[in-house]
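Participant: Following this message is one structure expressed as structure tokens.
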Amino acid sequence: MAKPSSTRKASVLPGLDDLPNLDAAAFRQPALQALLPDRRAAHAPRILLLYGSVRERSYSRLLTEEAARLLRAMGAEPRIYDPRGLPLPDGAPEDHPKVQELRTLAQWSEGMVWTSPERHGAMTGIMKAQIDWIPLAVGSVRPTQGKTLAVMEVSGGSQSFNAVNQLRVLGRWMRMITIPNQSSVAKAFMEFDDDGRMKPSPYYERVVDVMEELVKFTLLTRDCADHLVDRYSERRESAEALSKRVNLRSI
């Protein structure tokens with residue numbers, strides 16, 4: 001049997017010698033053990049819920065409140081943010097009390113639920129304003145990355161998925177783990193009783209499904225979220241360079 005050539009350069013990891021453009025110092029092999037940590041959090045999953053309407057009888061709020069009840073029954077700790085009084089993005093300083101309340105809740109949370117009405121074929125400005133006030137990064141850390149997300153919408157007419165599809169795009173942009181299931185409640189004015197409780201229906205059952213899936217994904221990923229979103233390209237950057245890029249101060 002031929003002996004290995006003594007002139008062949010040895011690699012720390014197999015295959016790296018065939019990747020000359022790779023920075024070996026920043027390269028990591030995905031590790032199963034990092035996805036299955038020995039120590040796991042024992043507290044209730046922390047879920048922030050946002051809704052996109054300030055009407056007195058807001059169906060996105062009623063759906064959010066129903067979701068919060070389900071989450072609580074499933075062992076989670078839900079908190080609902082009230083968007084009333086939140087200024088338009090860039091219309092007030094970052095130390096505005098409603099902005100600080102939202103950002104504190106975003107950092108506290110391990111998962112989120114975003115529920116918007118569909119208006120003119122899109123999410124509402126109130127929904128988008130809340131998401132826009134959540135920063136992409138604080139320093140070099142993104143406060144939403146690796147957190148789970150469920151998306152829902154309510155419609156005044158026939159069932160549509162425009163708002164949830166847009167919310168999914170935003171969730172991806174915020175580097176969140178958006179669960180596969182979602183809820184779209186058509187003719188929402190017919191789905192809630194006079195007390196604001198959701199009536200029994202296939203729509204209600206789908207909401208139960210979505211919240212159940214969100215809790216499962218949150219329990220599964222919250223202890224390994226940092227490993228899931230760790231990036232080769234960002235490991236190659238200094239913290240200062242990364243902060244400048246993700247904050248995009250010039251835009």
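How things are named: the first chain in the structure tokens is A, the next is B, and so on; residues count from 1 in each chain; ligands count from 1 in the order shown.
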Given only C-alpha atoms, how would the per-residue table for stretch 94-211 of chain A near stretch 74-77 of chain A read, listing every residue at most 12 Å away with its closest atom pair and distance in Å to one decimal, sorted by chain and number, as a Markdown table?

Facilitator:
| residue | atom | partner | partner_atom | distance |
| --- | --- | --- | --- | --- |
| A:Trp108 | CA | A:Glu77 | CA | 11.0 |
| A:Ser109 | CA | A:Glu77 | CA | 9.3 |
| A:Glu110 | CA | A:Glu77 | CA | 10.0 |
| A:Gly111 | CA | A:Ala76 | CA | 10.1 |
| A:Met112 | CA | A:Glu77 | CA | 11.1 |
| A:Val208 | CA | A:Met74 | CA | 10.0 |
| A:Asp209 | CA | A:Met74 | CA | 11.4 |
| A:Val210 | CA | A:Met74 | CA | 11.8 |
| A:Met211 | CA | A:Met74 | CA | 8.4 |

Participant: Please write the residues from the selection above to a file, keeping all heavy atoms, as a JSON list (two decimals), in the first residue's frame.

Facilitator:
[["chain", "number", "residue", "atom", "x", "y", "z"],
["A", 108, "TRP", "N", -37.01, 40.40, 26.14],
["A", 108, "TRP", "CA", -37.48, 39.44, 27.14],
["A", 108, "TRP", "C", -37.97, 38.15, 26.50],
["A", 108, "TRP", "O", -37.78, 37.05, 27.03],
["A", 108, "TRP", "CB", -38.60, 40.08, 27.96],
["A", 108, "TRP", "CG", -39.44, 39.13, 28.76],
["A", 108, "TRP", "CD1", -39.17, 38.65, 30.01],
["A", 108, "TRP", "CD2", -40.70, 38.54, 28.36],
["A", 108, "TRP", "NE1", -40.19, 37.79, 30.41],
["A", 108, "TRP", "CE2", -41.12, 37.72, 29.41],
["A", 108, "TRP", "CE3", -41.47, 38.65, 27.21],
["A", 108, "TRP", "CZ2", -42.32, 36.99, 29.36],
["A", 108, "TRP", "CZ3", -42.66, 37.93, 27.14],
["A", 108, "TRP", "CH2", -43.07, 37.11, 28.21],
["A", 109, "SER", "N", -38.57, 38.25, 25.33],
["A", 109, "SER", "CA", -39.28, 37.13, 24.74],
["A", 109, "SER", "C", -38.34, 36.07, 24.19],
["A", 109, "SER", "O", -37.20, 36.34, 23.83],
["A", 109, "SER", "CB", -40.20, 37.62, 23.62],
["A", 109, "SER", "OG", -39.43, 38.08, 22.52],
["A", 110, "GLU", "N", -38.87, 34.85, 24.09],
["A", 110, "GLU", "CA", -38.20, 33.74, 23.41],
["A", 110, "GLU", "C", -38.95, 33.35, 22.14],
["A", 110, "GLU", "O", -38.44, 32.57, 21.34],
["A", 110, "GLU", "CB", -38.12, 32.53, 24.35],
["A", 110, "GLU", "CG", -37.26, 32.80, 25.57],
["A", 110, "GLU", "CD", -37.41, 31.74, 26.65],
["A", 110, "GLU", "OE1", -38.52, 31.18, 26.79],
["A", 110, "GLU", "OE2", -36.43, 31.50, 27.36],
["A", 111, "GLY", "N", -40.13, 33.89, 21.98],
["A", 111, "GLY", "CA", -40.95, 33.66, 20.80],
["A", 111, "GLY", "C", -41.96, 34.78, 20.68],
["A", 111, "GLY", "O", -42.19, 35.53, 21.64],
["A", 112, "MET", "N", -42.55, 34.92, 19.50],
["A", 112, "MET", "CA", -43.53, 35.98, 19.28],
["A", 112, "MET", "C", -44.70, 35.47, 18.46],
["A", 112, "MET", "O", -44.60, 34.48, 17.74],
["A", 112, "MET", "CB", -42.89, 37.16, 18.53],
["A", 112, "MET", "CG", -41.80, 37.90, 19.29],
["A", 112, "MET", "SD", -41.35, 39.43, 18.42],
["A", 112, "MET", "CE", -39.83, 39.85, 19.30],
["A", 208, "VAL", "N", -55.58, 26.98, 17.71],
["A", 208, "VAL", "CA", -55.04, 26.05, 18.71],
["A", 208, "VAL", "C", -53.82, 25.34, 18.16],
["A", 208, "VAL", "O", -52.78, 25.22, 18.82],
["A", 208, "VAL", "CB", -56.12, 25.04, 19.16],
["A", 208, "VAL", "CG1", -55.51, 24.06, 20.17],
["A", 208, "VAL", "CG2", -57.32, 25.74, 19.76],
["A", 209, "ASP", "N", -53.93, 24.86, 16.93],
["A", 209, "ASP", "CA", -52.81, 24.17, 16.29],
["A", 209, "ASP", "C", -51.57, 25.07, 16.22],
["A", 209, "ASP", "O", -50.45, 24.63, 16.49],
["A", 209, "ASP", "CB", -53.18, 23.75, 14.86],
["A", 209, "ASP", "CG", -54.19, 22.61, 14.81],
["A", 209, "ASP", "OD1", -54.43, 21.97, 15.86],
["A", 209, "ASP", "OD2", -54.73, 22.36, 13.72],
["A", 210, "VAL", "N", -51.77, 26.32, 15.82],
["A", 210, "VAL", "CA", -50.65, 27.24, 15.65],
["A", 210, "VAL", "C", -49.96, 27.51, 16.98],
["A", 210, "VAL", "O", -48.72, 27.51, 17.08],
["A", 210, "VAL", "CB", -51.12, 28.55, 14.99],
["A", 210, "VAL", "CG1", -49.99, 29.59, 14.97],
["A", 210, "VAL", "CG2", -51.61, 28.29, 13.57],
["A", 211, "MET", "N", -50.73, 27.75, 18.03],
["A", 211, "MET", "CA", -50.13, 28.03, 19.33],
["A", 211, "MET", "C", -49.40, 26.80, 19.88],
["A", 211, "MET", "O", -48.32, 26.91, 20.48],
["A", 211, "MET", "CB", -51.19, 28.50, 20.32],
["A", 211, "MET", "CG", -51.81, 29.86, 19.97],
["A", 211, "MET", "SD", -50.57, 31.17, 19.72],
["A", 211, "MET", "CE", -50.64, 31.37, 17.93]]

Participant: Mind listing the strand (DSSP E) residues of stretch 35-123 of chain A, per DSSP on the backbone, as a list in words?

Facilitator: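 Restricting stretch 35-123 of chain A to strand (DSSP E) produces Arg46, Ile47, Leu48, Leu49, Leu50, Tyr51, Glu77, Pro78, Arg79, Ile80, Gly111, Met112, Val113, Trp114, Thr115, Ser116 and Pro117 of chain A.
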
Participant: I need the residue nearest A:Ser233 from this list: A:Ser60, A:Glu212, A:Val169, A:Asp23. Use only C-alpha atoms for the distance.

Facilitator: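 The answer is A:Asp23, which sits nearest to A:Ser233.
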
Participant: How many Å lie between atom CA of A:Leu16 and atom CA of A:Pro30, rounded to one decimal?

Facilitator: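 Those two atoms sit 14.6 Å apart.
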
Participant: Skip A:Leu220 itself and residues of its chain fewer than 5 positions away, then list as a list in words all residues within 10 Å of it, counting only C-alpha atoms.

Facilitator: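 Residues near the query, excluding close chain neighbours: Leu35, Leu36, Arg40, Thr148, Leu214, Val215 and Ala225 of chain A.
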
Participant: Give me the residues of stretch 201-230 of chain A that have any atom at most 9 Å from an atom of stretch 174-190 of chain A; for each, the nearest atom pair and the distance in Å, rounded to one decimal. Use only C-alpha atoms, sort by chain and number, and format it as CSV.

Facilitator:
residue,atom,partner,partner_atom,distance
A:Tyr203,CA,A:Val185,CA,6.1
A:Tyr204,CA,A:Val185,CA,8.6
A:Arg206,CA,A:Ser183,CA,6.2
A:Val207,CA,A:Ser183,CA,6.0
A:Asp209,CA,A:Asn181,CA,7.7
A:Val210,CA,A:Asn181,CA,5.7
A:Glu213,CA,A:Ile179,CA,7.3
A:Leu214,CA,A:Ile179,CA,6.6
A:Phe217,CA,A:Ile179,CA,7.3
A:Thr221,CA,A:Ile177,CA,8.8
A:Val229,CA,A:Arg175,CA,7.8

Participant: Write to file, as a compact mmCIF listing (two decimals), in the first residue's frame, the residues of the selection just made, with C-alpha atoms.

Facilitator:
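Now in selection-v1.txt:
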# COMPACT_ATOMS: atom_id res chain seq x y z
CA TYR A 203 -60.71 28.67 12.39
CA TYR A 204 -60.53 28.30 16.16
CA ARG A 206 -56.34 26.19 13.55
CA VAL A 207 -55.43 28.83 16.14
CA ASP A 209 -52.81 24.17 16.29
CA VAL A 210 -50.65 27.24 15.65
CA GLU A 213 -46.75 24.31 17.34
CA LEU A 214 -45.23 27.61 18.50
CA PHE A 217 -40.75 24.94 18.49
CA THR A 221 -34.94 25.73 19.93
CA VAL A 229 -28.07 31.49 13.97

Participant: Considering only C-alpha atoms, return as a PyMOL selection string whatever protein or nucleic-acid residues lie within 8 Å of A:Arg79, sequence-local ones (same chain, fewer than 5 positions apart) excluded.

Facilitator: chain A and resi 46-49+68

Participant: Go ahead and write the selection's residues with C-alpha atoms as a compact mmCIF listing (two decimals), in the first residue's frame.

Facilitator:
# COMPACT_ATOMS: atom_id res chain seq x y z
CA ARG A 46 -41.80 33.65 27.13
CA ILE A 47 -44.05 34.74 24.26
CA LEU A 48 -44.66 38.34 23.12
CA LEU A 49 -47.86 38.98 21.16
CA ALA A 68 -52.67 34.31 24.82

Participant: Of the candidates A:Arg142, A:Arg28, A:His120, A:Arg57, which one gets nearest to A:Arg103 if we count only C-alpha atoms?

Facilitator: A:Arg142

Participant: Among stretch 108-199 of chain A, which residues carry a DSSP assignment of alpha helix (DSSP H), reported as a PDB file with N, CA, C and O atoms, in the first residue's frame?

Facilitator:
ATOM      1  N   TRP A 108     -37.014  40.402  26.139  1.00  0.00           N
ATOM      2  CA  TRP A 108     -37.482  39.441  27.143  1.00  0.00           C
ATOM      3  C   TRP A 108     -37.974  38.150  26.501  1.00  0.00           C
ATOM      4  O   TRP A 108     -37.775  37.054  27.029  1.00  0.00           O
ATOM      5  N   GLY A 125     -50.428  49.504   8.793  1.00  0.00           N
ATOM      6  CA  GLY A 125     -49.301  50.339   9.183  1.00  0.00           C
ATOM      7  C   GLY A 125     -48.989  50.212  10.665  1.00  0.00           C
ATOM      8  O   GLY A 125     -47.821  50.319  11.077  1.00  0.00           O
ATOM      9  N   ILE A 126     -49.998  49.991  11.482  1.00  0.00           N
ATOM     10  CA  ILE A 126     -49.787  49.832  12.928  1.00  0.00           C
ATOM     11  C   ILE A 126     -48.945  48.592  13.207  1.00  0.00           C
ATOM     12  O   ILE A 126     -48.058  48.600  14.057  1.00  0.00           O
ATOM     13  N   MET A 127     -49.216  47.508  12.460  1.00  0.00           N
ATOM     14  CA  MET A 127     -48.424  46.284  12.628  1.00  0.00           C
ATOM     15  C   MET A 127     -46.988  46.513  12.186  1.00  0.00           C
ATOM     16  O   MET A 127     -46.037  46.162  12.887  1.00  0.00           O
ATOM     17  N   LYS A 128     -46.829  47.136  11.014  1.00  0.00           N
ATOM     18  CA  LYS A 128     -45.484  47.354  10.484  1.00  0.00           C
ATOM     19  C   LYS A 128     -44.685  48.303  11.375  1.00  0.00           C
ATOM     20  O   LYS A 128     -43.463  48.137  11.549  1.00  0.00           O
ATOM     21  N   ALA A 129     -45.346  49.304  11.954  1.00  0.00           N
ATOM     22  CA  ALA A 129     -44.644  50.255  12.811  1.00  0.00           C
ATOM     23  C   ALA A 129     -44.042  49.564  14.028  1.00  0.00           C
ATOM     24  O   ALA A 129     -42.912  49.883  14.446  1.00  0.00           O
ATOM     25  N   GLN A 130     -44.771  48.620  14.606  1.00  0.00           N
ATOM     26  CA  GLN A 130     -44.236  47.901  15.766  1.00  0.00           C
ATOM     27  C   GLN A 130     -42.977  47.128  15.401  1.00  0.00           C
ATOM     28  O   GLN A 130     -41.974  47.151  16.112  1.00  0.00           O
ATOM     29  N   ILE A 131     -43.043  46.439  14.255  1.00  0.00           N
ATOM     30  CA  ILE A 131     -41.890  45.648  13.823  1.00  0.00           C
ATOM     31  C   ILE A 131     -40.715  46.572  13.483  1.00  0.00           C
ATOM     32  O   ILE A 131     -39.561  46.259  13.787  1.00  0.00           O
ATOM     33  N   ASP A 132     -41.018  47.713  12.861  1.00  0.00           N
ATOM     34  CA  ASP A 132     -39.949  48.640  12.497  1.00  0.00           C
ATOM     35  C   ASP A 132     -39.258  49.241  13.714  1.00  0.00           C
ATOM     36  O   ASP A 132     -38.079  49.621  13.638  1.00  0.00           O
ATOM     37  N   TRP A 133     -39.961  49.354  14.820  1.00  0.00           N
ATOM     38  CA  TRP A 133     -39.353  49.904  16.037  1.00  0.00           C
ATOM     39  C   TRP A 133     -38.461  48.888  16.749  1.00  0.00           C
ATOM     40  O   TRP A 133     -37.659  49.250  17.597  1.00  0.00           O
ATOM     41  N   ASN A 162     -52.408  37.373   2.287  1.00  0.00           N
ATOM     42  CA  ASN A 162     -51.460  38.439   1.965  1.00  0.00           C
ATOM     43  C   ASN A 162     -50.696  38.917   3.193  1.00  0.00           C
ATOM     44  O   ASN A 162     -49.473  39.080   3.156  1.00  0.00           O
ATOM     45  N   ALA A 163     -51.405  39.167   4.280  1.00  0.00           N
ATOM     46  CA  ALA A 163     -50.750  39.714   5.471  1.00  0.00           C
ATOM     47  C   ALA A 163     -49.789  38.699   6.090  1.00  0.00           C
ATOM     48  O   ALA A 163     -48.663  39.058   6.462  1.00  0.00           O
ATOM     49  N   VAL A 164     -50.221  37.437   6.223  1.00  0.00           N
ATOM     50  CA  VAL A 164     -49.323  36.443   6.822  1.00  0.00           C
ATOM     51  C   VAL A 164     -48.093  36.204   5.949  1.00  0.00           C
ATOM     52  O   VAL A 164     -46.987  35.981   6.453  1.00  0.00           O
ATOM     53  N   ASN A 165     -48.264  36.278   4.629  1.00  0.00           N
ATOM     54  CA  ASN A 165     -47.110  36.118   3.751  1.00  0.00           C
ATOM     55  C   ASN A 165     -46.112  37.252   3.945  1.00  0.00           C
ATOM     56  O   ASN A 165     -44.890  37.039   3.957  1.00  0.00           O
ATOM     57  N   GLN A 166     -46.612  38.465   4.106  1.00  0.00           N
ATOM     58  CA  GLN A 166     -45.727  39.601   4.352  1.00  0.00           C
ATOM     59  C   GLN A 166     -45.047  39.485   5.710  1.00  0.00           C
ATOM     60  O   GLN A 166     -43.857  39.804   5.855  1.00  0.00           O
ATOM     61  N   LEU A 167     -45.794  39.034   6.697  1.00  0.00           N
ATOM     62  CA  LEU A 167     -45.215  38.861   8.025  1.00  0.00           C
ATOM     63  C   LEU A 167     -44.107  37.813   8.010  1.00  0.00           C
ATOM     64  O   LEU A 167     -43.109  37.937   8.730  1.00  0.00           O
ATOM     65  N   ARG A 168     -44.269  36.785   7.195  1.00  0.00           N
ATOM     66  CA  ARG A 168     -43.218  35.774   7.071  1.00  0.00           C
ATOM     67  C   ARG A 168     -41.933  36.379   6.497  1.00  0.00           C
ATOM     68  O   ARG A 168     -40.828  36.039   6.935  1.00  0.00           O
ATOM     69  N   VAL A 169     -42.080  37.243   5.505  1.00  0.00           N
ATOM     70  CA  VAL A 169     -40.901  37.906   4.936  1.00  0.00           C
ATOM     71  C   VAL A 169     -40.182  38.710   6.013  1.00  0.00           C
ATOM     72  O   VAL A 169     -38.943  38.678   6.133  1.00  0.00           O
ATOM     73  N   LEU A 170     -40.940  39.443   6.815  1.00  0.00           N
ATOM     74  CA  LEU A 170     -40.339  40.240   7.890  1.00  0.00           C
ATOM     75  C   LEU A 170     -39.685  39.353   8.939  1.00  0.00           C
ATOM     76  O   LEU A 170     -38.613  39.678   9.456  1.00  0.00           O
ATOM     77  N   GLY A 171     -40.344  38.236   9.273  1.00  0.00           N
ATOM     78  CA  GLY A 171     -39.749  37.315  10.240  1.00  0.00           C
ATOM     79  C   GLY A 171     -38.415  36.784   9.762  1.00  0.00           C
ATOM     80  O   GLY A 171     -37.449  36.682  10.526  1.00  0.00           O
ATOM     81  N   ARG A 172     -38.338  36.463   8.464  1.00  0.00           N
ATOM     82  CA  ARG A 172     -37.072  35.988   7.902  1.00  0.00           C
ATOM     83  C   ARG A 172     -36.018  37.090   7.962  1.00  0.00           C
ATOM     84  O   ARG A 172     -34.860  36.839   8.289  1.00  0.00           O
ATOM     85  N   TRP A 173     -36.426  38.306   7.641  1.00  0.00           N
ATOM     86  CA  TRP A 173     -35.495  39.430   7.672  1.00  0.00           C
ATOM     87  C   TRP A 173     -34.960  39.659   9.084  1.00  0.00           C
ATOM     88  O   TRP A 173     -33.795  40.038   9.263  1.00  0.00           O
TER      89      TRP A 173
END

Participant: Hey, what's within 9 Å of A:Ser116 if we count only C-alpha atoms and toss same-chain stuff fewer than 3 positions away? As a list in words, please?

Facilitator: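 So the residues in contact are Leu50, Tyr51, Gly52, Ser53, Ser60, Arg61, Arg119, Ala122, Met123, Thr124, Ile126, Met127, Val151, Met152, Glu153, Val154, Ser155, Ala163, Val164 and Leu167 of chain A.
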
Participant: Keeping C-alpha atoms for every residue in the selection just given, could you write it to a file as an mmCIF file, in the first residue's frame?

Facilitator:
data_model
loop_
_atom_site.group_PDB
_atom_site.id
_atom_site.type_symbol
_atom_site.label_atom_id
_atom_site.label_comp_id
_atom_site.auth_asym_id
_atom_site.auth_seq_id
_atom_site.Cartn_x
_atom_site.Cartn_y
_atom_site.Cartn_z
ATOM 1 C CA LEU A 50 -48.305 41.961 18.821
ATOM 2 C CA TYR A 51 -51.512 42.953 17.025
ATOM 3 C CA GLY A 52 -52.181 45.501 14.321
ATOM 4 C CA SER A 53 -55.288 47.537 15.108
ATOM 5 C CA SER A 60 -56.765 41.212 15.626
ATOM 6 C CA ARG A 61 -56.663 42.088 19.342
ATOM 7 C CA ARG A 119 -56.071 46.189 4.847
ATOM 8 C CA ALA A 122 -51.520 44.094 3.120
ATOM 9 C CA MET A 123 -50.683 44.215 6.804
ATOM 10 C CA THR A 124 -51.636 47.421 8.581
ATOM 11 C CA ILE A 126 -49.787 49.832 12.928
ATOM 12 C CA MET A 127 -48.424 46.284 12.628
ATOM 13 C CA VAL A 151 -48.097 34.678 12.165
ATOM 14 C CA MET A 152 -51.853 35.204 11.966
ATOM 15 C CA GLU A 153 -54.282 37.545 10.222
ATOM 16 C CA VAL A 154 -57.937 38.527 10.257
ATOM 17 C CA SER A 155 -59.944 39.578 7.217
ATOM 18 C CA ALA A 163 -50.750 39.714 5.471
ATOM 19 C CA VAL A 164 -49.323 36.443 6.822
ATOM 20 C CA LEU A 167 -45.215 38.861 8.025
#
